[in-house]
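Since the structure comes first, as structure tokens, the remarks are kept for the end.
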2 protein chains.
Amino acid sequence: MHGFIYDIKTKVYFGSNHLSTLGGELSALGKKVLLCRGGSSVIRSGLYGKIVSEIKSAGLEMFELTDIAPNPRIDSVREGVRICKENGVEVVLAVGGGSVLDCAKFVCAGALCDFDPWKFMSEGAPVKRALPLITVLTLSATGSEMNPTGVISNPKTTEKLGRSAPALRPAVSYLDPENTYTVSKYQTACGSADILSHIFEVYFQREPGMYMIDCFMEGLMKTVIKYAPIALSEPENYEARANLMWASSWAINGFISAPAGGAWSCHPMEHELSAFYDVTHGLGLAILTPRWMKYCLSEETLPRYVQFGVNVFGIDSSLPKSVIAELSIKKVSEFLYDTLGLDDSFTKIGIGRENFKAMAKKACEGGVINGFRPLAQEDIEKIYEMCL
Amino acid sequence: MHGFIYDIKTKVYFGSNHLSTLGGELSALGKKVLLCRGGSSVIRSGLYGKIVSEIKSAGLEMFELTDIAPNPRIDSVREGVRICKENGVEVVLAVGGGSVLDCAKFVCAGALCDFDPWKFMSEGAPVKRALPLITVLTLSATGSEMNPTGVISNPKTTEKLGRSAPALRPAVSYLDPENTYTVSKYQTACGSADILSHIFEVYFQREPGMYMIDCFMEGLMKTVIKYAPIALSEPENYEARANLMWASSWAINGFISAPAGGAWSCHPMEHELSAFYDVTHGLGLAILTPRWMKYCLSEETLPRYVQFGVNVFGIDSSLPKSVIAELSIKKVSEFLYDTLGLDDSFTKIGIGRENFKAMAKKACEGGVINGFRPLAQEDIEKIYEMCL
């Protein structure tokens with residue numbers, strides 16, 4: 001168990017009927033607001049209208065950055081930075097899912113810097129300060145609403161790079177489960193796979209973390225496994241959407257990872273998929289995860305699979321350990337492919353082995369991902385092969 | 001499930017070797033520091049010397065409030081307020097367990113008010129602002145290190161009253177499990193009973209909260225049940241002390257209670273015990289809790305006992321529900337009295353029925369505690385009777 005600093009200052013309004021506080025929260029941070037969003041879905045759902053009305057009622061000046069794409073691109077960040085600088089924007093409001101939020105984070109940071117914002121990713125330029133960010137979440141997946149991280153793609157260099165800094169953590173986030181009622185089955189499934197993966201990355205490590213956090217992680221995984229299918233069949237089930245939403249925040253706000261060690265494995269492997277093929281992040285993770293689990297299973301790692309299988313899937317603990325481990329992986333596959341209905345191979349989504357070597361090299365940055373099982377380039381290539 | 005606002009801004013340094021940041025954290029908040037502590041145990045343990053050294057190295061001016069008693073008294077608060085006002089104290093540093101921290105909270109609030117601080121408790125005078133508070137925790141129990149609540153006793157009026165306000169939440173807390181190595185077996189046992197009770201108060205409610213939080217609460221309870229006995233037999237077991245410490249904070253920082261409803265029951269009943277007899281809070285809770293559980297068991301409440309027994313104590317779920325419920329209560333009793341070794345009755349600690357009527361009336365404030373089972377004065381008297 002590691003010592004750690006816990007410092008999560010995001011204020012969260014959870015539930016319906018909190019939006020009337022938005023004007024006040026924005027006003028406390030500035031008078032000029034940049035509203036960031038994706039396409040027109042937030043307009044169709046009516047959310048956009050409510051938010052604009054709040055902004056106007058509060059007497060704030062509003063600017064807009066629109067059409068932020070899934071796997072958000074550095075060009076959107078640059079455009080947002082330009083608007084902020086030209087208009088003296090003081091606070092940024094992100095309305096959408098993780099992509100919109102991630103993009104908005106680097107708009108916040110870029111607005112207070114005099115260099116191109118891609119340098120945050122490409123050169124690790126320090127994020128010393130950032131405009132304050134308020135978010136209104138519409139998709140339960142990335143946890144961006146409560147964490148200090150963003151991932152940005154650069155199609156020109158086929159790079160998808162993440163970056164964390166305390167200044168990027170949202171000041172306030174509005175989590176209204178009803179705002180996820182219109183999320184499609186496919187995106188609900190991908191989001192659920194993403195949440196699960198964030199927990200897997202911390203749970204499946206060689207060094208033991210903290211028992212109390214293990215219990216919490218197992219609870220979060222059970223929550224996703226229980227409610228994702230309900231959200232798929234009943235999109236307007238408040239309880240299901242609420243549990244998924246709050247689980248998405250806690251899976252990756254730093255609480256579970258703080259006392260843990262070890263690098264993440266599936267996320268860097270997936271980021272290359274998205275960078276090369278613009279795959280939906282959660283789908284890429286869903287295809288990779290069970291293969292990675294199989295690849296990492298060894299005498300040393302076995303106990304973790306057993307604990308997972310028994311505590312999360314209720315597998316009979318009296319079975320031989322190796323059987324429990326195999327069953328655990330099978331249960332994960334069944335959940336992702338049968339229950340969530342996600343594609344189960346690269347082949348099904350049109351990806352061949354043509355870029356495996358380049359992707360694997362980038363994923364481990366030419367070295368080793370020192371996670372649950374250390375993964376060098378050739379290990380990653382093998383895992384990619386298993387996904388065909 | 002209720003909508004809620006989550007807003008827990010306390011920064012926590014968890015683990016050993018963080019104390020070198022104390023000077024910097026204090027300096028950021030002020031130059032004049034009031035150090036609050038209890039008796040001499042922090043001097044004997046060496047912690048006091050380290051802290052004073054940090055304060056001096058940072059060039060800060062230090063004042064002291066000492067001898068804060070368990071079940072801290074309003075006189076200590078008044079004395080602290082006097083020191084703050086006379087010397088222009090800018091930041092308060094509480095070193096100790098929940099009693100020291102609670103007292104310090106109302107010193108922080110009282111220092112910025114022009115009325116007697118007992119009015120915060122007796123008249124609900126608003127806590128509009130407070131001096132910033134940094135804590136160094138030495139006992140895992142009350143969760144005061146991360147919550148906005150304090151409980152103060154007034155021996156003259158035999159009152160023990162709690163009060164919460166956002167301004168009372170500590171800015172920074174240092175949680176070093178090693179600082180609890182010297183906590184006695186008895187206090188470790190009482191602290192563990194207190195942590196458990198904080199979870200019980202939220203877990204045992206009629207209205208369902210949030211499944212994800214249920215899982216977390218069950219994990220917290222399993223954590224206490226697993227590690228309290230280890231801390232008793234191996235006081236310097238880091239893993240046990242660490243899990244108890246982090247569990248104590250999360251049992252009552254607002255995370256589990258936010259989506260829940262219903263009043264707390266055992267705490268108000270216990271506060272009267274402490275007010276009338278100066279009983280150790282955790283011990284009072286330990287005697288009351290199993291009786292309260294028995295008293296609340298009904299057809300309506302049964303499912304909660306079953307969920308608890310199966311998920312926390314691993315009771316066979318195929319048993320009849322009523323049997324599981326009875327076994328659950330038995331398990332709680334065994335844990336508190338046999339495993340933790342706490343006294344199991346009022347009689348054993350010298351309390352008779354002489355004040356039951358007065359205590360019961362005060363506990364429900366002449367009305368009804370609307371918790372797991374609504375408790376009027378006569379119900380509370382019956383529960384007290386069961387404790388003899």
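To be explicit about the labels: the chains of the structure tokens are called A, B, and onward in the order shown, and within each one the residues are counted from 1, while ligands get numbers from 1 in the order they are shown.
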
Discussion item. Distance limit 10 Å, atoms considered: only C-alpha atoms. Which chain B residues sit that close to chain A? Return them as a PyMOL selection string.
Written reply: chain B and resi 1-18+172-176+209-224+226-227+238-240+242-244+246-247+258-259

Write out the residues from the selection above, keeping N, CA and C atoms, as a short mmCIF file (atom, residue, chain, number, x, y, z; two decimals), in the first residue's frame.
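And here is the file that came out, out08.cif:
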data_model
loop_
_atom_site.label_atom_id
_atom_site.label_comp_id
_atom_site.auth_asym_id
_atom_site.auth_seq_id
_atom_site.Cartn_x
_atom_site.Cartn_y
_atom_site.Cartn_z
N MET B 1 -33.77 6.95 -3.72
CA MET B 1 -32.49 7.65 -3.77
C MET B 1 -32.73 9.16 -3.90
N HIS B 2 -31.97 9.90 -3.13
CA HIS B 2 -32.13 11.34 -3.14
C HIS B 2 -31.10 12.01 -4.04
N GLY B 3 -31.47 13.15 -4.62
CA GLY B 3 -30.45 13.98 -5.23
C GLY B 3 -29.60 14.56 -4.11
N PHE B 4 -28.41 14.98 -4.43
CA PHE B 4 -27.54 15.48 -3.37
C PHE B 4 -26.45 16.37 -3.95
N ILE B 5 -25.78 17.08 -3.05
CA ILE B 5 -24.60 17.84 -3.43
C ILE B 5 -23.41 17.20 -2.74
N TYR B 6 -22.43 16.83 -3.52
CA TYR B 6 -21.19 16.27 -2.98
C TYR B 6 -20.13 17.37 -3.03
N ASP B 7 -19.56 17.69 -1.88
CA ASP B 7 -18.61 18.82 -1.85
C ASP B 7 -17.65 18.63 -0.67
N ILE B 8 -16.68 17.76 -0.86
CA ILE B 8 -15.74 17.42 0.22
C ILE B 8 -14.36 17.91 -0.17
N LYS B 9 -14.00 19.07 0.34
CA LYS B 9 -12.78 19.72 -0.16
C LYS B 9 -11.54 19.47 0.69
N THR B 10 -11.67 18.68 1.76
CA THR B 10 -10.50 18.41 2.61
C THR B 10 -9.40 17.71 1.81
N LYS B 11 -8.21 18.26 1.89
CA LYS B 11 -7.05 17.61 1.28
C LYS B 11 -6.46 16.68 2.33
N VAL B 12 -6.20 15.44 1.94
CA VAL B 12 -5.70 14.46 2.91
C VAL B 12 -4.31 13.98 2.52
N TYR B 13 -3.39 14.10 3.45
CA TYR B 13 -2.08 13.46 3.30
C TYR B 13 -2.17 12.14 4.04
N PHE B 14 -2.18 11.04 3.32
CA PHE B 14 -2.35 9.73 3.95
C PHE B 14 -1.04 8.95 3.90
N GLY B 15 -0.65 8.42 5.05
CA GLY B 15 0.57 7.62 5.12
C GLY B 15 1.65 8.33 5.91
N SER B 16 2.78 7.68 6.02
CA SER B 16 3.87 8.25 6.80
C SER B 16 4.68 9.21 5.91
N ASN B 17 5.52 9.98 6.56
CA ASN B 17 6.47 10.83 5.83
C ASN B 17 5.84 11.98 5.05
N HIS B 18 4.68 12.44 5.46
CA HIS B 18 4.10 13.62 4.82
C HIS B 18 4.25 14.86 5.69
N VAL B 172 -7.13 20.77 5.54
CA VAL B 172 -6.11 19.75 5.29
C VAL B 172 -6.08 18.81 6.49
N SER B 173 -5.97 17.50 6.23
CA SER B 173 -5.82 16.55 7.33
C SER B 173 -4.66 15.60 7.05
N TYR B 174 -3.88 15.36 8.08
CA TYR B 174 -2.76 14.42 8.00
C TYR B 174 -3.19 13.12 8.65
N LEU B 175 -3.26 12.05 7.84
CA LEU B 175 -3.67 10.75 8.35
C LEU B 175 -2.48 9.79 8.23
N ASP B 176 -1.74 9.68 9.31
CA ASP B 176 -0.62 8.76 9.32
C ASP B 176 -0.98 7.60 10.25
N GLY B 209 -31.21 3.52 -0.56
CA GLY B 209 -30.33 4.58 -1.03
C GLY B 209 -29.85 4.26 -2.43
N MET B 210 -28.60 3.93 -2.57
CA MET B 210 -28.02 3.72 -3.88
C MET B 210 -27.23 2.41 -3.79
N TYR B 211 -27.47 1.50 -4.70
CA TYR B 211 -26.82 0.20 -4.66
C TYR B 211 -25.30 0.33 -4.56
N MET B 212 -24.74 1.23 -5.38
CA MET B 212 -23.29 1.42 -5.36
C MET B 212 -22.79 1.80 -3.98
N ILE B 213 -23.57 2.62 -3.28
CA ILE B 213 -23.17 3.06 -1.94
C ILE B 213 -23.40 1.92 -0.93
N ASP B 214 -24.45 1.13 -1.14
CA ASP B 214 -24.64 -0.06 -0.31
C ASP B 214 -23.40 -0.95 -0.36
N CYS B 215 -22.91 -1.18 -1.57
CA CYS B 215 -21.72 -2.02 -1.73
C CYS B 215 -20.54 -1.40 -0.98
N PHE B 216 -20.42 -0.09 -1.09
CA PHE B 216 -19.30 0.59 -0.41
C PHE B 216 -19.44 0.45 1.10
N MET B 217 -20.65 0.64 1.60
CA MET B 217 -20.86 0.52 3.04
C MET B 217 -20.54 -0.89 3.52
N GLU B 218 -20.99 -1.88 2.74
CA GLU B 218 -20.69 -3.26 3.13
C GLU B 218 -19.18 -3.49 3.15
N GLY B 219 -18.50 -2.90 2.19
CA GLY B 219 -17.03 -3.01 2.15
C GLY B 219 -16.39 -2.34 3.36
N LEU B 220 -16.91 -1.18 3.74
CA LEU B 220 -16.37 -0.49 4.91
C LEU B 220 -16.59 -1.32 6.17
N MET B 221 -17.78 -1.90 6.30
CA MET B 221 -18.05 -2.72 7.49
C MET B 221 -17.14 -3.94 7.52
N LYS B 222 -16.97 -4.58 6.36
CA LYS B 222 -16.06 -5.74 6.31
C LYS B 222 -14.64 -5.33 6.67
N THR B 223 -14.28 -4.11 6.28
CA THR B 223 -12.94 -3.61 6.59
C THR B 223 -12.74 -3.49 8.10
N VAL B 224 -13.72 -2.91 8.77
CA VAL B 224 -13.61 -2.76 10.23
C VAL B 224 -13.59 -4.13 10.90
N LYS B 226 -12.66 -6.94 9.68
CA LYS B 226 -11.41 -7.66 9.38
C LYS B 226 -10.23 -7.09 10.17
N TYR B 227 -10.13 -5.77 10.24
CA TYR B 227 -8.89 -5.18 10.74
C TYR B 227 -8.91 -4.76 12.20
N TYR B 238 0.67 -1.91 10.28
CA TYR B 238 0.37 -0.74 9.45
C TYR B 238 -0.90 -0.94 8.62
N GLU B 239 -0.99 -2.11 8.00
CA GLU B 239 -2.13 -2.37 7.11
C GLU B 239 -3.46 -2.26 7.88
N ALA B 240 -3.48 -2.81 9.08
CA ALA B 240 -4.71 -2.76 9.88
C ALA B 240 -5.02 -1.32 10.29
N ALA B 242 -4.03 1.39 8.88
CA ALA B 242 -4.32 2.21 7.69
C ALA B 242 -5.76 1.99 7.22
N ASN B 243 -6.16 0.74 7.16
CA ASN B 243 -7.53 0.46 6.71
C ASN B 243 -8.56 1.03 7.67
N LEU B 244 -8.30 0.92 8.97
CA LEU B 244 -9.24 1.50 9.94
C LEU B 244 -9.29 3.02 9.80
N TRP B 246 -8.59 5.04 7.15
CA TRP B 246 -9.25 5.55 5.95
C TRP B 246 -10.75 5.22 6.00
N ALA B 247 -11.07 4.06 6.58
CA ALA B 247 -12.49 3.71 6.74
C ALA B 247 -13.19 4.70 7.66
N ALA B 258 -24.90 11.01 1.59
CA ALA B 258 -25.48 11.97 0.64
C ALA B 258 -26.73 11.44 -0.07
N PRO B 259 -26.69 10.24 -0.67
CA PRO B 259 -27.89 9.80 -1.40
C PRO B 259 -28.93 9.13 -0.49
#

Worksheet entry | Selection: 10 Å around Pro303 in chain B, only C-alpha atoms, excl. self and same-chain fewer than 3 positions, as a VMD selection string | chain B and resid 206 297 to 300 306 to 309 321 to 322 324 to 325

Worksheet item: Tell me, which residues of range 170-273 of chain A carry DSSP strand (DSSP E), written as a PyMOL selection string?
Response: chain A and resi 172-175

Selection above as a file: N, CA and C atoms, as a PDB file, in the first residue's frame:
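Saved the output as result_0.pdb:
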ATOM      1  N   VAL A 172     -16.826  22.436 -10.734  1.00  0.00           N
ATOM      2  CA  VAL A 172     -18.199  22.013 -10.436  1.00  0.00           C
ATOM      3  C   VAL A 172     -18.669  21.095 -11.567  1.00  0.00           C
ATOM      4  N   SER A 173     -19.367  20.015 -11.204  1.00  0.00           N
ATOM      5  CA  SER A 173     -19.950  19.163 -12.239  1.00  0.00           C
ATOM      6  C   SER A 173     -21.408  18.857 -11.911  1.00  0.00           C
ATOM      7  N   TYR A 174     -22.222  18.921 -12.923  1.00  0.00           N
ATOM      8  CA  TYR A 174     -23.642  18.591 -12.792  1.00  0.00           C
ATOM      9  C   TYR A 174     -23.858  17.194 -13.343  1.00  0.00           C
ATOM     10  N   LEU A 175     -24.266  16.287 -12.456  1.00  0.00           N
ATOM     11  CA  LEU A 175     -24.512  14.903 -12.867  1.00  0.00           C
ATOM     12  C   LEU A 175     -25.994  14.601 -12.687  1.00  0.00           C
TER      13      LEU A 175
END

Practice prompt. Using only C-alpha atoms, determine which residues lie at most 6 Å from range 353-364 of chain B, disregarding the query and same-chain residues fewer than 2 positions distant; provide the list as a PyMOL selection string.
Written response: chain B and resi 268-269+272+366-369+377+380-381

Worksheet item: Which of range 239-331 of chain A counts as alpha helix (DSSP H) under DSSP, as a VMD selection string please?
Response: chain A and resid 239 to 250 266 to 277 281 to 296 302 to 313 321 to 331

Discussion item. Which residues are near Ser99 in chain A? Cut-off 6 Å, only C-alpha atoms, ignore same chain within fewer than 2 positions. Put them as a ChimeraX atom specification.
Written reply: /A:70-72,97,101-102

Using only N, CA and C atoms, please write the residues we just selected to a file, as a PDB file, in the first residue's frame.
ATOM      1  N   PRO A  70     -15.992  12.909 -31.025  1.00  0.00           N
ATOM      2  CA  PRO A  70     -15.516  11.812 -30.177  1.00  0.00           C
ATOM      3  C   PRO A  70     -14.026  11.605 -30.472  1.00  0.00           C
ATOM      4  N   ASN A  71     -13.255  11.138 -29.479  1.00  0.00           N
ATOM      5  CA  ASN A  71     -11.805  11.195 -29.595  1.00  0.00           C
ATOM      6  C   ASN A  71     -11.416  12.624 -29.999  1.00  0.00           C
ATOM      7  N   PRO A  72     -11.604  13.575 -29.123  1.00  0.00           N
ATOM      8  CA  PRO A  72     -11.526  14.994 -29.478  1.00  0.00           C
ATOM      9  C   PRO A  72     -10.143  15.375 -30.014  1.00  0.00           C
ATOM     10  N   GLY A  97     -20.230  14.546 -23.133  1.00  0.00           N
ATOM     11  CA  GLY A  97     -19.572  13.387 -22.556  1.00  0.00           C
ATOM     12  C   GLY A  97     -18.084  13.655 -22.377  1.00  0.00           C
ATOM     13  N   LEU A 101     -15.637  17.156 -22.514  1.00  0.00           N
ATOM     14  CA  LEU A 101     -14.996  17.583 -21.266  1.00  0.00           C
ATOM     15  C   LEU A 101     -13.474  17.616 -21.410  1.00  0.00           C
ATOM     16  N   ASP A 102     -12.932  16.572 -22.037  1.00  0.00           N
ATOM     17  CA  ASP A 102     -11.479  16.522 -22.206  1.00  0.00           C
ATOM     18  C   ASP A 102     -10.990  17.684 -23.055  1.00  0.00           C
TER      19      ASP A 102
END

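Within 10 Å of range 276-278 of chain A there are Pro70, Asn71, Ser153, Pro155, Thr157, Thr158, Glu159, Lys160, Glu270, His271, Glu272, Leu273, Ser274, Thr280, His281, Gly284, Ile349, Gly350, Ile351, Asn355, Ala358 and Met359 of chain A, counting only C-alpha atoms and ignoring same-chain residues fewer than 2 positions away.
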
May I have the residues from that selection written out with N, CA and C atoms, as a short mmCIF file (atom, residue, chain, number, x, y, z; two decimals), in the first residue's frame?
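Dumped to again_33.cif:
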data_model
loop_
_atom_site.label_atom_id
_atom_site.label_comp_id
_atom_site.auth_asym_id
_atom_site.auth_seq_id
_atom_site.Cartn_x
_atom_site.Cartn_y
_atom_site.Cartn_z
N PRO A 70 -15.99 12.91 -31.03
CA PRO A 70 -15.52 11.81 -30.18
C PRO A 70 -14.03 11.61 -30.47
N ASN A 71 -13.25 11.14 -29.48
CA ASN A 71 -11.81 11.19 -29.59
C ASN A 71 -11.42 12.62 -30.00
N SER A 153 -6.57 13.78 -29.38
CA SER A 153 -6.01 13.13 -30.57
C SER A 153 -5.45 14.16 -31.55
N PRO A 155 -4.81 13.85 -35.42
CA PRO A 155 -4.87 12.99 -36.60
C PRO A 155 -3.64 13.12 -37.49
N THR A 157 -0.56 13.35 -36.68
CA THR A 157 0.57 12.52 -36.22
C THR A 157 0.09 11.14 -35.78
N THR A 158 -1.20 10.82 -36.04
CA THR A 158 -1.84 9.60 -35.50
C THR A 158 -1.44 9.35 -34.05
N GLU A 159 -1.59 10.39 -33.25
CA GLU A 159 -1.31 10.25 -31.83
C GLU A 159 -2.58 10.55 -31.02
N LYS A 160 -2.75 9.79 -29.93
CA LYS A 160 -3.82 10.05 -28.97
C LYS A 160 -3.14 10.03 -27.61
N GLU A 270 -5.28 0.65 -26.03
CA GLU A 270 -6.48 1.12 -26.74
C GLU A 270 -6.25 2.47 -27.39
N HIS A 271 -5.51 3.34 -26.72
CA HIS A 271 -5.31 4.68 -27.29
C HIS A 271 -4.69 4.59 -28.69
N GLU A 272 -3.88 3.58 -28.91
CA GLU A 272 -3.29 3.42 -30.25
C GLU A 272 -4.34 2.98 -31.26
N LEU A 273 -5.27 2.14 -30.80
CA LEU A 273 -6.40 1.74 -31.65
C LEU A 273 -7.19 2.96 -32.10
N SER A 274 -7.51 3.81 -31.12
CA SER A 274 -8.29 5.00 -31.43
C SER A 274 -7.50 5.97 -32.29
N THR A 280 -14.25 3.75 -31.16
CA THR A 280 -14.82 4.22 -29.90
C THR A 280 -14.03 3.59 -28.76
N HIS A 281 -13.59 4.46 -27.85
CA HIS A 281 -12.70 4.05 -26.76
C HIS A 281 -13.20 2.83 -25.99
N GLY A 284 -12.96 -0.42 -28.05
CA GLY A 284 -11.58 -0.89 -28.12
C GLY A 284 -11.17 -1.58 -26.83
N ILE A 349 -14.59 -5.27 -36.59
CA ILE A 349 -14.66 -3.81 -36.78
C ILE A 349 -13.66 -3.33 -37.83
N GLY A 350 -13.20 -4.31 -38.63
CA GLY A 350 -12.41 -3.95 -39.81
C GLY A 350 -10.95 -3.60 -39.55
N ILE A 351 -10.43 -4.12 -38.47
CA ILE A 351 -9.03 -3.84 -38.16
C ILE A 351 -8.20 -5.10 -38.38
N ASN A 355 -1.04 -2.51 -38.69
CA ASN A 355 -0.33 -1.50 -37.88
C ASN A 355 0.08 -2.00 -36.49
N ALA A 358 3.61 -0.93 -35.24
CA ALA A 358 3.72 0.51 -34.93
C ALA A 358 2.90 0.87 -33.69
N MET A 359 1.68 0.31 -33.61
CA MET A 359 0.81 0.60 -32.46
C MET A 359 1.43 0.09 -31.16
#

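Nearest to Val92 in chain B of all the residues B:Ala69, B:Val136, B:Ile74, B:Cys36 is B:Cys36, based on only C-alpha atoms.
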
Worksheet item: Could you name the residues that touch Leu34 in chain B at 9 Å or less, counting only C-alpha atoms, but leaving out those on the same chain fewer than 6 positions away, as a list in words?
Response: Glu61, Met62, Phe63, Glu64, Leu65, Gly80, Ile83, Cys84, Val89, Glu90, Val91, Val92, Leu93 and Ala94 of chain B

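Going from CA of Ile199 in chain B over to CA of Gln205 in chain A, you cover 28.8 Å.
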
Practice prompt. With a distance cut-off of 12 Å and only C-alpha atoms, select the neighbouring residues of Leu232 in chain B, excluding the residue or stretch itself and same-chain residues fewer than 4 positions from it, and output the selection as a VMD selection string.
Written response: chain B and resid 180 to 192 224 to 228 236 to 237 240 to 241 244 339 to 341

Practice prompt. May I ask for the distance between CA of Thr289 in chain B and CA of Ser333 in chain B, given in Å to one decimal place?
Written response: 8.4 Å
